[in-house]
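Raw contents of entry12.txt, compact mmCIF, C-alpha atoms:
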# COMPACT_ATOMS: atom_id res chain seq x y z
CA MET A 1 1.35 24.20 19.22
CA ASP A 2 2.20 21.10 17.16
CA LYS A 3 5.64 20.93 15.59
CA PRO A 4 6.00 20.96 11.75
CA ASP A 5 7.01 17.27 11.63
CA GLN A 6 4.01 16.38 13.79
CA ARG A 7 1.63 18.44 11.62
CA LEU A 8 2.98 16.71 8.51
CA PHE A 9 2.48 13.27 10.08
CA GLU A 10 -1.08 14.10 11.11
CA ALA A 11 -1.84 15.37 7.59
CA ASP A 12 -0.57 12.04 6.24
CA LEU A 13 -2.86 10.16 8.63
CA ALA A 14 -5.76 12.00 6.96
CA SER A 15 -4.52 11.20 3.44
CA ALA A 16 -6.47 8.96 1.07
CA GLN A 17 -3.62 6.43 1.04
CA PHE A 18 -3.63 6.01 4.84
CA ARG A 19 -7.43 6.15 5.14
CA ALA A 20 -7.92 3.57 2.36
CA GLY A 21 -5.57 1.12 4.10
CA ALA A 22 -7.33 1.74 7.42
CA GLN A 23 -10.71 1.18 5.78
CA LYS A 24 -9.46 -2.20 4.50
CA GLY A 25 -8.28 -3.11 7.99
CA TYR A 26 -4.59 -3.12 7.07
CA TRP A 27 -3.45 -0.62 9.74
CA GLY A 28 -4.61 2.09 12.09
CA LEU A 29 -4.21 3.85 15.40
CA PRO A 30 -5.20 1.99 18.58
CA GLY A 31 -8.57 3.04 20.02
CA THR A 32 -8.66 4.96 23.30
CA ASP A 33 -10.02 1.81 24.99
CA LEU A 34 -6.61 0.21 24.39
CA LEU A 35 -4.39 3.29 24.50
CA PRO A 36 -5.98 6.25 26.31
CA GLU A 37 -3.24 8.59 25.12
CA GLN A 38 -0.51 8.43 22.52
CA PRO A 39 3.04 8.93 23.86
CA ALA A 40 4.61 12.39 23.57
CA TRP A 41 5.74 13.39 20.09
CA PRO A 42 7.86 12.21 18.23
CA LEU A 43 6.63 8.77 19.38
CA ARG A 44 3.46 7.27 17.96
CA ILE A 45 1.88 3.82 18.28
CA LEU A 46 0.09 2.20 15.32
CA TRP A 47 -1.13 -1.31 14.59
CA VAL A 48 -0.64 -3.46 11.51
CA ALA A 49 -2.84 -6.45 10.65
CA ALA A 50 -1.26 -9.90 10.34
CA ALA A 51 -2.40 -13.05 8.54
CA PRO A 52 -4.01 -15.67 10.82
CA ARG A 53 -1.48 -18.03 12.36
CA SER A 54 -1.96 -20.48 15.23
CA GLU A 55 -1.55 -18.79 18.64
CA ALA A 56 -0.60 -15.46 17.04
CA PRO A 57 -2.60 -12.21 17.29
CA ASN A 58 -4.32 -10.77 14.22
CA ARG A 59 -2.52 -7.46 14.65
CA PHE A 60 0.80 -6.22 15.98
CA TYR A 61 1.51 -2.81 17.49
CA LEU A 62 4.50 -0.71 16.50
CA GLN A 63 6.01 2.18 18.41
CA LEU A 64 7.68 4.52 15.93
CA ASP A 65 9.99 7.45 16.55
CA LEU A 66 8.97 10.03 13.92
CA ALA A 67 11.44 12.81 14.74
CA ASP A 68 11.97 15.12 11.75
CA TYR A 69 9.23 13.18 9.93
CA ARG A 70 9.43 12.89 6.20
CA THR A 71 12.89 14.47 6.01
CA ALA A 72 14.05 11.57 8.16
CA SER A 73 12.50 8.12 7.98
CA PRO A 74 10.76 6.52 10.98
CA THR A 75 12.46 4.01 13.24
CA GLY A 76 10.82 1.63 15.67
CA THR A 77 9.81 -1.87 16.58
CA PHE A 78 7.00 -4.09 17.81
CA TRP A 79 5.37 -2.80 20.99
CA ASP A 80 3.50 -4.37 23.91
CA LEU A 81 0.57 -2.11 24.73
CA LYS A 82 -0.07 -3.88 28.06
CA THR A 83 3.43 -3.42 29.48
CA GLY A 84 4.37 -0.26 27.59
CA THR A 85 7.64 -1.86 26.49
CA MET A 86 9.20 -3.39 23.40
CA LEU A 87 7.46 -6.68 22.55
CA GLU A 88 9.40 -9.60 24.04
CA ALA A 89 11.00 -12.13 21.71
CA ALA A 90 8.44 -14.91 22.33
CA LYS A 91 5.56 -12.64 21.29
CA ARG A 92 7.18 -11.21 18.15
CA PRO A 93 6.25 -12.31 14.61
CA LYS A 94 8.72 -14.73 13.02
CA GLY A 95 9.63 -15.57 9.45
CA ARG A 96 10.72 -18.74 7.70
CA ASN A 97 14.49 -19.20 8.08
CA GLY A 98 16.41 -17.10 5.55
CA SER A 99 13.33 -15.23 4.35
CA ARG A 100 12.93 -11.47 4.05
CA VAL A 101 10.37 -11.61 6.87
CA ALA A 102 12.93 -13.18 9.22
CA LYS A 103 15.59 -10.64 8.24
CA VAL A 104 13.47 -7.51 8.64
CA PHE A 105 12.06 -8.64 12.01
CA ARG A 106 15.35 -10.05 13.34
CA MET A 107 16.19 -9.59 17.02
CA ASP A 108 19.89 -10.40 16.82
CA TRP A 109 20.69 -6.90 15.59
CA GLU A 110 20.31 -3.76 17.75
CA GLU A 111 18.39 -6.04 20.16
CA GLY A 112 15.37 -5.75 17.86
CA LYS A 113 14.89 -2.04 18.66
CA ALA A 114 14.60 -1.18 14.95
CA PHE A 115 13.48 -2.97 11.80
CA TYR A 116 16.28 -4.31 9.61
CA HIS A 117 14.97 -2.50 6.56
CA PRO A 118 16.23 0.39 4.38
CA TYR A 119 13.24 2.55 5.39
CA ASP A 120 14.20 2.33 9.06
CA ARG A 121 16.31 5.33 10.08
CA VAL A 122 18.63 3.38 12.39
CA ALA A 123 19.12 0.50 9.96
CA ALA A 124 19.73 2.78 6.96
CA LYS A 125 22.30 4.84 8.86
CA GLY A 126 24.25 1.71 9.76
CA HIS A 127 24.14 0.32 6.21
CA PRO A 128 25.18 3.02 3.71
CA LYS A 129 25.66 0.36 0.99
CA TRP A 130 21.93 -0.40 0.96
CA ALA A 131 21.30 2.82 -0.98
CA THR A 132 23.16 1.40 -3.98
CA GLU A 133 22.11 -2.23 -3.44
CA GLN A 134 18.40 -1.38 -3.02
CA PRO A 135 17.80 1.92 -4.86
CA SER A 136 14.05 1.31 -4.92
CA LEU A 137 13.99 1.65 -1.14
CA ILE A 138 15.76 4.96 -0.57
CA TRP A 139 13.70 7.12 1.78
CA ASP A 140 13.26 10.78 0.82
CA SER A 141 10.82 13.50 1.82
CA ASN A 142 8.29 12.33 -0.79
CA HIS A 143 7.80 9.19 1.27
CA THR A 144 5.12 8.94 3.94
CA ILE A 145 4.08 6.67 6.78
CA VAL A 146 2.09 4.69 4.19
CA ASP A 147 5.30 3.70 2.38
CA TYR A 148 6.64 2.41 5.71
CA LEU A 149 3.44 0.53 6.56
CA GLU A 150 3.25 -0.93 3.06
CA GLU A 151 6.59 -2.61 3.72
CA ILE A 152 5.58 -4.04 7.11
CA HIS A 153 2.01 -5.12 6.20
CA PRO A 154 2.97 -7.44 3.28
CA LEU A 155 5.61 -9.11 5.47
CA LEU A 156 3.01 -9.89 8.15
CA ASN A 157 0.73 -11.29 5.45
CA SER A 158 3.33 -13.22 3.48
CA GLY A 159 3.56 -16.99 3.15
CA ASP A 160 6.95 -16.66 4.86
CA TYR A 161 5.33 -15.30 8.04
CA ILE A 162 5.01 -18.32 10.34
CA GLY A 163 3.45 -16.80 13.48
CA LEU A 164 5.17 -16.49 16.87
CA MET B 1 -30.96 0.11 6.54
CA ALA B 2 -30.10 3.73 5.72
CA VAL B 3 -26.62 4.36 4.35
CA GLU B 4 -24.76 7.20 6.11
CA ALA B 5 -22.32 9.62 4.49
CA ILE B 6 -19.19 7.74 3.54
CA GLU B 7 -15.55 8.39 2.75
CA LEU B 8 -14.66 7.88 -0.91
CA PHE B 9 -11.16 7.57 -2.32
CA ILE B 10 -10.85 9.36 -5.64
CA HIS B 11 -8.02 8.35 -7.97
CA ARG B 12 -6.81 10.25 -11.05
CA GLN B 13 -4.14 9.84 -13.67
CA GLY B 14 -0.71 10.99 -12.52
CA ALA B 15 -1.97 12.43 -9.21
CA LYS B 16 -2.24 11.42 -5.58
CA PRO B 17 -5.66 10.11 -4.54
CA ARG B 18 -7.90 12.29 -2.42
CA VAL B 19 -10.65 11.74 0.12
CA ALA B 20 -14.22 12.97 -0.47
CA VAL B 21 -17.23 12.57 1.79
CA ALA B 22 -20.59 11.95 0.14
CA GLY B 23 -24.15 11.21 1.19
CA PRO B 24 -26.09 8.24 -0.18
CA HIS B 25 -28.47 10.32 -2.33
CA GLU B 26 -25.83 12.51 -3.96
CA ILE B 27 -25.18 12.14 -7.68
CA LEU B 28 -21.65 10.93 -8.42
CA ARG B 29 -21.05 13.68 -11.01
CA GLU B 30 -21.83 16.34 -8.39
CA VAL B 31 -19.47 14.75 -5.88
CA LEU B 32 -16.66 14.69 -8.45
CA VAL B 33 -17.29 18.31 -9.47
CA ARG B 34 -17.26 19.37 -5.80
CA ALA B 35 -13.98 17.48 -5.33
CA GLU B 36 -12.61 19.42 -8.36
CA VAL B 37 -11.87 16.20 -10.19
CA LEU B 38 -14.43 16.94 -12.93
CA ILE B 39 -15.15 20.36 -14.39
CA GLU B 40 -18.58 21.05 -15.87
CA GLY B 41 -18.33 21.14 -19.68
CA GLN B 42 -15.01 19.32 -19.67
CA GLU B 43 -14.53 16.54 -22.21
CA GLU B 44 -16.00 13.35 -20.82
CA LEU B 45 -13.72 11.17 -18.75
CA LEU B 46 -14.30 7.53 -17.87
CA VAL B 47 -15.22 6.74 -14.27
CA PHE B 48 -14.80 3.30 -12.73
CA VAL B 49 -15.75 2.25 -9.22
CA GLY B 50 -14.19 -0.33 -6.94
CA GLU B 51 -10.92 -2.20 -7.38
CA CYS B 52 -10.82 -4.61 -10.31
CA GLU B 53 -9.54 -8.15 -9.66
CA GLU B 54 -10.87 -9.84 -12.81
CA ALA B 55 -7.42 -10.80 -14.09
CA LEU B 56 -6.97 -13.17 -11.14
CA GLU B 57 -9.78 -15.33 -12.52
CA GLU B 58 -8.18 -15.57 -15.97
CA PRO B 59 -7.29 -19.15 -16.96
CA GLY B 60 -3.53 -19.70 -17.22
CA GLU B 61 -3.59 -20.54 -20.95
CA ILE B 62 -5.15 -17.19 -21.99
CA GLU B 63 -2.66 -14.82 -23.64
CA ASN B 64 -3.24 -11.07 -24.06
CA GLY B 65 -6.44 -11.12 -21.99
CA GLU B 66 -8.58 -8.11 -21.18
CA ASP B 67 -10.68 -7.06 -18.17
CA GLY B 68 -14.39 -6.39 -18.68
CA HIS B 69 -14.69 -3.65 -16.02
CA VAL B 70 -17.30 -1.18 -17.30
CA ALA B 71 -17.32 2.59 -16.68
CA VAL B 72 -20.31 3.79 -14.62
CA ASP B 73 -23.11 6.26 -15.38
CA LEU B 74 -22.23 9.50 -13.56
CA SER B 75 -25.89 10.44 -13.16
CA LEU B 76 -26.41 7.62 -10.64
CA THR B 77 -26.36 8.16 -6.89
CA ILE B 78 -23.71 7.02 -4.43
CA GLU B 79 -26.22 4.52 -3.05
CA ALA B 80 -27.22 3.13 -6.47
CA LEU B 81 -23.55 2.63 -7.34
CA GLU B 82 -23.03 0.80 -4.03
CA LEU B 83 -20.11 3.03 -3.18
CA HIS B 84 -20.50 2.19 0.51
CA ARG B 85 -19.09 -1.18 -0.62
CA HIS B 86 -16.78 -0.14 -3.47
CA ARG B 87 -15.26 3.03 -1.88
CA HIS B 88 -12.78 3.70 -4.70
CA VAL B 89 -13.62 5.96 -7.66
CA HIS B 90 -11.22 6.20 -10.62
CA VAL B 91 -11.46 9.08 -13.09
CA HIS B 92 -9.47 8.29 -16.21
CA ARG B 93 -8.95 8.87 -19.92
CA CYS B 94 -8.04 5.24 -20.56
CA LYS B 95 -10.61 2.48 -20.80
CA ARG B 96 -7.82 -0.05 -20.26
CA VAL B 97 -4.13 0.05 -19.38
CA ALA B 98 -2.05 -2.25 -21.58
CA VAL B 99 0.46 -3.94 -19.26
CA GLU B 100 3.43 -6.03 -20.25
CA VAL B 101 5.54 -7.85 -17.68
CA HIS B 102 8.99 -9.23 -18.46
CA PHE B 103 10.53 -12.10 -16.52
CA ASN B 104 13.25 -14.59 -17.33
CA GLY B 105 13.26 -13.78 -21.07
CA ASP B 106 9.49 -14.15 -21.38
CA THR B 107 6.73 -11.51 -21.62
CA LYS B 108 3.08 -11.66 -20.53
CA ARG B 109 0.47 -9.09 -21.50
CA HIS B 110 -2.99 -8.12 -20.29
CA ARG B 111 -5.25 -5.11 -20.74
CA PHE B 112 -6.24 -4.16 -17.18
CA SER B 113 -8.86 -1.80 -15.85
CA PRO B 114 -7.22 1.44 -14.57
CA ALA B 115 -8.83 0.49 -11.23
CA THR B 116 -6.45 -2.44 -10.72
CA THR B 117 -3.96 -2.35 -7.87
CA ILE B 118 -0.29 -3.23 -8.23
CA ALA B 119 -0.96 -6.03 -5.72
CA VAL B 120 -3.39 -7.64 -8.20
CA VAL B 121 -1.07 -7.16 -11.21
CA THR B 122 1.77 -8.71 -9.20
CA GLN B 123 -0.36 -11.69 -8.21
CA TRP B 124 -1.49 -12.10 -11.84
CA ALA B 125 2.14 -11.99 -13.05
CA ARG B 126 3.38 -14.54 -10.47
CA LYS B 127 0.58 -16.86 -11.60
CA LYS B 128 1.23 -16.30 -15.31
CA PHE B 129 4.92 -17.07 -14.90
CA LYS B 130 4.01 -20.14 -12.79
CA LEU B 131 6.05 -19.06 -9.77
CA ASP B 132 5.68 -21.28 -6.73
CA PRO B 133 3.36 -19.36 -4.35
CA ALA B 134 5.83 -19.54 -1.44
CA ALA B 135 8.95 -18.56 -3.39
CA GLY B 136 7.02 -16.14 -5.60
CA ALA B 137 6.05 -13.92 -2.68
CA GLU B 138 9.41 -12.17 -2.85
CA TYR B 139 8.95 -11.15 -6.50
CA VAL B 140 7.67 -7.61 -7.09
CA LEU B 141 7.01 -5.33 -10.06
CA GLN B 142 9.53 -2.69 -11.10
CA ILE B 143 8.73 -0.12 -13.80
CA CYS B 144 10.93 -0.79 -16.86
CA ASP B 145 14.09 1.32 -17.15
CA THR B 146 13.67 2.69 -13.60
CA THR B 147 14.35 1.56 -10.04
CA THR B 148 10.75 2.36 -9.05
CA GLN B 149 8.79 -0.45 -7.42
CA PRO B 150 5.24 0.88 -6.95
CA ARG B 151 3.48 0.21 -3.65
CA PRO B 152 0.97 -2.69 -3.62
CA SER B 153 -1.97 -0.32 -3.05
CA GLU B 154 -1.21 1.98 -6.00
CA HIS B 155 -3.54 1.69 -8.98
CA LEU B 156 -2.45 1.34 -12.60
CA GLY B 157 -4.48 4.44 -13.44
CA GLU B 158 -2.36 6.58 -11.12
CA LEU B 159 0.91 5.27 -12.52
CA VAL B 160 0.50 5.74 -16.26
CA GLU B 161 1.67 9.01 -17.80
CA PRO B 162 -1.06 11.40 -19.02
CA LEU B 163 -2.37 10.40 -22.46
CA VAL B 164 -0.54 7.08 -22.24
CA CYS B 165 -2.62 3.96 -21.65
CA ALA B 166 0.24 1.50 -21.30
CA ILE B 167 2.99 0.57 -18.86
CA CYS B 168 5.88 -1.89 -18.80
CA PHE B 169 7.16 -3.77 -15.75
CA LYS B 170 9.88 -6.26 -14.91
CA LEU B 171 9.17 -8.92 -12.29
CA VAL B 172 12.19 -8.75 -9.94
CA LYS B 173 13.19 -10.47 -6.71
CA GLU B 174 13.15 -8.20 -3.70
CA ILE B 175 16.57 -8.00 -2.14
CA THR B 176 16.78 -9.31 1.40
CA PRO B 177 18.71 -6.82 3.53
CA GLN B 178 22.22 -8.09 4.27
CA GLY B 179 25.34 -6.93 6.03

Render the structure in this file as structure tokens.
Amino acid sequence: MDKPDQRLFEADLASAQFRAGAQKGYWGLPGTDLLPEQPAWPLRILWVAAAPRSEAPNRFYLQLDLADYRTASPTGTFWDLKTGTMLEAAKRPKGRNGSRVAKVFRMDWEEGKAFYHPYDRVAAKGHPKWATEQPSLIWDSNHTIVDYLEEIHPLLNSGDYIGL
Amino acid sequence: MAVEAIELFIHRQGAKPRVAVAGPHEILREVLVRAEVLIEGQEELLVFVGECEEALEEPGEIENGEDGHVAVDLSLTIEALELHRHRHVHVHRCKRVAVEVHFNGDTKRHRFSPATTIAVVTQWARKKFKLDPAAGAEYVLQICDTTTQPRPSEHLGELVEPLVCAICFKLVKEITPQG
């Protein structure tokens, strides 16, 4: 039987907010042609669309750890579906120097295993000051996977996103 | 070509949107009653379809502009209303939402359709305040007197308080995580 955090996540995948973004092509779950089976819970792989850039793909995959979902925020990073490992540095999306895109997707912190963003569980735990510095981005149980994706999607479609 | 049953996203004032599935020949009123968004005999609400982006076409010199988005006739079918293309249905008491945005000591105003996303209002505000497109990307809307920064996909109609057809925002720079 599914666990409560897993049931909550799956209910959020069926929500209007997630479905509307999927219908617009902003994000989704990989098809079974690309990923025959999702990893064991609490891991899940999703994709997020990216603005066209020379030599860069039009979507990136994320592997997220959703343990204790909604009570705790997700954590994760870009994923290589072909190798089943974290996406190597050369294939990761990059941001203009000093931009928010570059900061959130940085690889010189935790070896790029988590996003440098207040919604990421690992990043938030290591930066208790962020809660007072960025009160609009405090994760609580009213937040869903859509809040997380709506932080990543605009970064991959920002003018500061420069490709690979 | 025949239009199959489609997923619709129904938005209401002060509530989370919900999904409804409807066939092409169904009447919109019946779909909304089935989704428990409309009650038969209830005072008439306004229903808009799609996501309104008219403000983005507004010339820069226009002050206090207003969208022309028109409410639809509920007796029409899903197919006639082209909901396979529009997808979003907004049920609202307000014909327009009066928005004011404050930035750098200046204020810009526009009367938006309730079916306007925060992404569109943000883009309109960056343009009105003549922010450079590259630098302006890091500016977002924050509801006045709060720390709430609505998500880009939220609609004005969902954000305004019941019986209130107005909302105030500040245009603020997103903080880049540090430390």

Q | Residue hits in chain A, query chain B, radius 10 Å, only C-alpha atoms, as a VMD selection string | A | chain A and resid 14 to 17 19 to 21 23 98 to 104 116 to 118 123 126 to 127 129 to 130 133 to 137 146 to 147 150 to 151 154 to 155 158 to 160

Would you write out those residues with C-alpha atoms, as a compact mmCIF listing (two decimals), in the frame of the given file?
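Produced file part17.txt, reproduced below:
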# COMPACT_ATOMS: atom_id res chain seq x y z
CA ALA A 14 -5.76 12.00 6.96
CA SER A 15 -4.52 11.20 3.44
CA ALA A 16 -6.47 8.96 1.07
CA GLN A 17 -3.62 6.43 1.04
CA ARG A 19 -7.43 6.15 5.14
CA ALA A 20 -7.92 3.57 2.36
CA GLY A 21 -5.57 1.12 4.10
CA GLN A 23 -10.71 1.18 5.78
CA GLY A 98 16.41 -17.10 5.55
CA SER A 99 13.33 -15.23 4.35
CA ARG A 100 12.93 -11.47 4.05
CA VAL A 101 10.37 -11.61 6.87
CA ALA A 102 12.93 -13.18 9.22
CA LYS A 103 15.59 -10.64 8.24
CA VAL A 104 13.47 -7.51 8.64
CA TYR A 116 16.28 -4.31 9.61
CA HIS A 117 14.97 -2.50 6.56
CA PRO A 118 16.23 0.39 4.38
CA ALA A 123 19.12 0.50 9.96
CA GLY A 126 24.25 1.71 9.76
CA HIS A 127 24.14 0.32 6.21
CA LYS A 129 25.66 0.36 0.99
CA TRP A 130 21.93 -0.40 0.96
CA GLU A 133 22.11 -2.23 -3.44
CA GLN A 134 18.40 -1.38 -3.02
CA PRO A 135 17.80 1.92 -4.86
CA SER A 136 14.05 1.31 -4.92
CA LEU A 137 13.99 1.65 -1.14
CA VAL A 146 2.09 4.69 4.19
CA ASP A 147 5.30 3.70 2.38
CA GLU A 150 3.25 -0.93 3.06
CA GLU A 151 6.59 -2.61 3.72
CA PRO A 154 2.97 -7.44 3.28
CA LEU A 155 5.61 -9.11 5.47
CA SER A 158 3.33 -13.22 3.48
CA GLY A 159 3.56 -16.99 3.15
CA ASP A 160 6.95 -16.66 4.86

(Q) I want to know what sits within 10 Å of Asn104 in chain B, based on all atoms listed in the file, with residues of the same chain fewer than 3 positions away left out; could you give that as a PyMOL selection string? (A) chain B and resi 107+129+170-172

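In terms of minimum interatomic distance to Ile6 in chain B, B:Val21 ranks closest within B:Ala71, B:Ile167, B:Leu56, B:Val21, counting all atoms listed in the file.
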
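Distance-wise, CA of Val101 in chain B and CA of Ala125 in chain B end up 7.1 Å apart.
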
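Going from CA of Pro114 in chain B over to CA of Gly65 in chain B, you cover 14.6 Å.
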
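Relative to CA of Ser54 in chain A, CA of Glu53 in chain B is found at 28.8 Å.
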
Q. Arg7 in chain A: which residues within 12 Å, counting all atoms listed in the file, same-chain residues fewer than 3 positions away excluded, as a ChimeraX atom specification?
A. /A:1-4,10-14,41-42,66-70

Please, could you write that set of residues out with C-alpha atoms as a PDB file, in the coordinates of the input?
ATOM      1  CA  MET A   1       1.350  24.200  19.220  1.00  0.00           C
ATOM      2  CA  ASP A   2       2.200  21.100  17.160  1.00  0.00           C
ATOM      3  CA  LYS A   3       5.640  20.930  15.590  1.00  0.00           C
ATOM      4  CA  PRO A   4       6.000  20.960  11.750  1.00  0.00           C
ATOM      5  CA  GLU A  10      -1.080  14.100  11.110  1.00  0.00           C
ATOM      6  CA  ALA A  11      -1.840  15.370   7.590  1.00  0.00           C
ATOM      7  CA  ASP A  12      -0.570  12.040   6.240  1.00  0.00           C
ATOM      8  CA  LEU A  13      -2.860  10.160   8.630  1.00  0.00           C
ATOM      9  CA  ALA A  14      -5.760  12.000   6.960  1.00  0.00           C
ATOM     10  CA  TRP A  41       5.740  13.390  20.090  1.00  0.00           C
ATOM     11  CA  PRO A  42       7.860  12.210  18.230  1.00  0.00           C
ATOM     12  CA  LEU A  66       8.970  10.030  13.920  1.00  0.00           C
ATOM     13  CA  ALA A  67      11.440  12.810  14.740  1.00  0.00           C
ATOM     14  CA  ASP A  68      11.970  15.120  11.750  1.00  0.00           C
ATOM     15  CA  TYR A  69       9.230  13.180   9.930  1.00  0.00           C
ATOM     16  CA  ARG A  70       9.430  12.890   6.200  1.00  0.00           C
TER      17      ARG A  70
END

Q: Find, counting only C-alpha atoms, the residue in A:Lys82, A:Ala72, A:Asn97, A:Asn157 that gets nearest to Tyr26 in chain A.
A: A:Asn157

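Candidate residues A:Val122, A:Leu43, A:Ala131, A:Val48 were compared for distance to Trp27 in chain A, and the nearest is A:Val48, using all atoms listed in the file.
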
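Of the listed residues (A:Tyr161, A:Phe18, A:Trp47, A:Phe9), A:Phe9 comes nearest to Ser73 in chain A; the distances count only C-alpha atoms.
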
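Candidate residues B:Arg34, B:Lys127, B:Arg93, B:His25 were compared for distance to Glu79 in chain B, and the nearest is B:His25, using all atoms listed in the file.
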
Q | Test item: which residues lie within 12 Å of (0.6, -1.9, 26.3) counting all atoms listed in the file, as number ranges by chain | A | A: 30, 32-39, 45-47, 60-63, 78-88

Based on the selection just made, write C-alpha atoms of those residues as a CSV table (one decimal), keeping the file's coordinate frame.
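This is the output file out24.csv:
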chain,number,residue,atom,x,y,z
A,30,PRO,CA,-5.2,2.0,18.6
A,32,THR,CA,-8.7,5.0,23.3
A,33,ASP,CA,-10.0,1.8,25.0
A,34,LEU,CA,-6.6,0.2,24.4
A,35,LEU,CA,-4.4,3.3,24.5
A,36,PRO,CA,-6.0,6.2,26.3
A,37,GLU,CA,-3.2,8.6,25.1
A,38,GLN,CA,-0.5,8.4,22.5
A,39,PRO,CA,3.0,8.9,23.9
A,45,ILE,CA,1.9,3.8,18.3
A,46,LEU,CA,0.1,2.2,15.3
A,47,TRP,CA,-1.1,-1.3,14.6
A,60,PHE,CA,0.8,-6.2,16.0
A,61,TYR,CA,1.5,-2.8,17.5
A,62,LEU,CA,4.5,-0.7,16.5
A,63,GLN,CA,6.0,2.2,18.4
A,78,PHE,CA,7.0,-4.1,17.8
A,79,TRP,CA,5.4,-2.8,21.0
A,80,ASP,CA,3.5,-4.4,23.9
A,81,LEU,CA,0.6,-2.1,24.7
A,82,LYS,CA,-0.1,-3.9,28.1
A,83,THR,CA,3.4,-3.4,29.5
A,84,GLY,CA,4.4,-0.3,27.6
A,85,THR,CA,7.6,-1.9,26.5
A,86,MET,CA,9.2,-3.4,23.4
A,87,LEU,CA,7.5,-6.7,22.6
A,88,GLU,CA,9.4,-9.6,24.0

Could you write out as lines of an AutoDock Vina configuration file the box around range 31-37 of chain B (axis-aligned, all atoms listed in the file, 5 Å on each side), with centre and edge lengths in Å to one decimal?
center_x = -15.7
center_y = 17.1
center_z = -7.8
size_x = 17.6
size_y = 14.7
size_z = 14.9

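Here the selection is built from all atoms listed in the file, and the residues within 10 Å of (-20.5, 0.6, -15.4) turn out to be Leu46, Val47, Phe48, Val49, Gly68, His69, Val70, Ala71, Val72, Asp73, Leu74 and Leu81 of chain B.
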
Q: Choose the residue, out of B:Ala55, B:Glu43, B:His84, B:Asp67, that has the smallest atom-to-atom separation from Gln123 in chain B; count all atoms listed in the file.
A: B:Ala55

Residues near Pro24 in chain B, cut-off 9 Å, all atoms listed in the file, skip fewer than 3 positions along chain, as a compact mmCIF listing (two decimals) with C-alpha atoms, in the coordinates of the input:
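Wrote it out as part-v1.txt, contents follow:
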# COMPACT_ATOMS: atom_id res chain seq x y z
CA ALA B 2 -30.10 3.73 5.72
CA VAL B 3 -26.62 4.36 4.35
CA GLU B 4 -24.76 7.20 6.11
CA ALA B 5 -22.32 9.62 4.49
CA ILE B 6 -19.19 7.74 3.54
CA ILE B 27 -25.18 12.14 -7.68
CA THR B 77 -26.36 8.16 -6.89
CA ILE B 78 -23.71 7.02 -4.43
CA GLU B 79 -26.22 4.52 -3.05
CA ALA B 80 -27.22 3.13 -6.47
CA GLU B 82 -23.03 0.80 -4.03
CA LEU B 83 -20.11 3.03 -3.18
CA HIS B 84 -20.50 2.19 0.51

Q) So which residues touch Gly14 in chain B within 8 Å, counting all atoms listed in the file, skipping near sequence neighbours fewer than 2 positions away, as number ranges by chain? A) B: 12, 16, 157-162

Just-selected residues, C-alpha atoms written as a PDB file, in the frame of the given file:
ATOM      1  CA  ARG B  12      -6.810  10.250 -11.050  1.00  0.00           C
ATOM      2  CA  LYS B  16      -2.240  11.420  -5.580  1.00  0.00           C
ATOM      3  CA  GLY B 157      -4.480   4.440 -13.440  1.00  0.00           C
ATOM      4  CA  GLU B 158      -2.360   6.580 -11.120  1.00  0.00           C
ATOM      5  CA  LEU B 159       0.910   5.270 -12.520  1.00  0.00           C
ATOM      6  CA  VAL B 160       0.500   5.740 -16.260  1.00  0.00           C
ATOM      7  CA  GLU B 161       1.670   9.010 -17.800  1.00  0.00           C
ATOM      8  CA  PRO B 162      -1.060  11.400 -19.020  1.00  0.00           C
TER       9      PRO B 162
END
